[in-house]
Amino acid sequence: MNDICHFNEALEKTAANHVALSPLSFIKRAAAVYPDRTALIYHETRYTWQQTYARCRRLASMLQDFGITRGDTVAVMLPNVPAMYEAHFGVPMVGA
């Protein structure tokens, strides 16, 4: 075992060196840290992290308007298109 691995195993988890990463914390952080960086490219369509985060929040808001709440199941049948990408974030945003 090299010294780096040994060091990592001995390092206690604290707020300074360990934060659980979920899809929701990931997209929020990406939008804050890299707002103008490209997050999605689909044919001629390009979205930045800020645009993607806003679109996912709008999807979450729409789902709430339809009465979707925490614990509900949301199913989608989509090919690998931007809407599927947004569903990966927008559905969990409402807890579904």
# chains A, B, ... in the order shown; residues from 1 in each chain; ligands from 1

call {"tool": "residues_around", "arguments": {"residues": "A:Ala39", "least_positions_apart": "4", "cutoff": "8 Å", "atoms": "only C-alpha atoms", "output": "VMD selection string"}}
result
chain A and resid 46 to 49 52

call {"tool": "residues_around", "arguments": {"residues": "stretch 76-78 of chain A", "least_positions_apart": "5", "cutoff": "9 Å", "atoms": "only C-alpha atoms", "output": "MDAnalysis selection string"}}
result
chainID A and resid 83:84 87

call {"tool": "closest_residue", "arguments": {"among": "A:His88, A:Glu44, A:Arg55, A:Gly95", "to": "A:Pro23", "atoms": "only C-alpha atoms"}}
result
A:His88

call {"tool": "select_by_dssp", "arguments": {"residues": "stretch 42-81 of chain A", "states": "helix (DSSP H, G or I)", "output": "list of chain:residue names"}}
result
A:Trp49, A:Gln50, A:Gln51, A:Thr52, A:Tyr53, A:Ala54, A:Arg55, A:Cys56, A:Arg57, A:Arg58, A:Leu59, A:Ala60, A:Ser61, A:Met62, A:Leu63, A:Gln64, A:Asp65

call {"tool": "write_last_selection", "arguments": {"atoms": "C-alpha atoms", "output": "PDB file, in the first residue's frame"}}
result
ATOM      1  CA  TRP A  49     -24.972  24.572 -16.140  1.00  0.00           C
ATOM      2  CA  GLN A  50     -26.988  27.639 -15.148  1.00  0.00           C
ATOM      3  CA  GLN A  51     -29.510  27.032 -17.932  1.00  0.00           C
ATOM      4  CA  THR A  52     -29.707  23.322 -17.149  1.00  0.00           C
ATOM      5  CA  TYR A  53     -30.310  23.996 -13.455  1.00  0.00           C
ATOM      6  CA  ALA A  54     -33.052  26.514 -14.310  1.00  0.00           C
ATOM      7  CA  ARG A  55     -34.729  24.060 -16.715  1.00  0.00           C
ATOM      8  CA  CYS A  56     -34.635  21.280 -14.114  1.00  0.00           C
ATOM      9  CA  ARG A  57     -36.151  23.594 -11.493  1.00  0.00           C
ATOM     10  CA  ARG A  58     -38.936  24.478 -13.944  1.00  0.00           C
ATOM     11  CA  LEU A  59     -39.612  20.784 -14.504  1.00  0.00           C
ATOM     12  CA  ALA A  60     -39.752  20.250 -10.737  1.00  0.00           C
ATOM     13  CA  SER A  61     -42.159  23.166 -10.395  1.00  0.00           C
ATOM     14  CA  MET A  62     -44.384  21.753 -13.137  1.00  0.00           C
ATOM     15  CA  LEU A  63     -44.426  18.357 -11.443  1.00  0.00           C
ATOM     16  CA  GLN A  64     -45.487  20.038  -8.185  1.00  0.00           C
ATOM     17  CA  ASP A  65     -48.256  21.836 -10.075  1.00  0.00           C
TER      18      ASP A  65
END

call {"tool": "closest_residue", "arguments": {"among": "A:Leu11, A:Ala32, A:Val81, A:Val19", "to": "A:Thr45", "atoms": "only C-alpha atoms"}}
result
A:Val81

call {"tool": "closest_residue", "arguments": {"among": "A:Ile27, A:Val33, A:Thr73, A:Gly67", "to": "A:Glu86", "atoms": "only C-alpha atoms"}}
result
A:Ile27

call {"tool": "select_by_dssp", "arguments": {"residues": "stretch 2-89 of chain A", "states": "strand (DSSP E)", "output": "list of chain:residue names"}}
result
A:Thr38, A:Ala39, A:Leu40, A:Ile41, A:Tyr42, A:Thr45, A:Arg46, A:Tyr47, A:Thr48

call {"tool": "residues_around", "arguments": {"residues": "A:Met93", "least_positions_apart": "3", "cutoff": "7 Å", "atoms": "only C-alpha atoms", "output": "PyMOL selection string"}}
result
chain A and resi 24+60+89-90

call {"tool": "closest_residue", "arguments": {"among": "A:Leu21, A:Ala96, A:Ile41, A:Ile68", "to": "A:Asn80", "atoms": "only C-alpha atoms"}}
result
A:Ile41

call {"tool": "closest_residue", "arguments": {"among": "A:Phe66, A:Arg29, A:Pro82, A:Glu12", "to": "A:His43", "atoms": "only C-alpha atoms"}}
result
A:Pro82
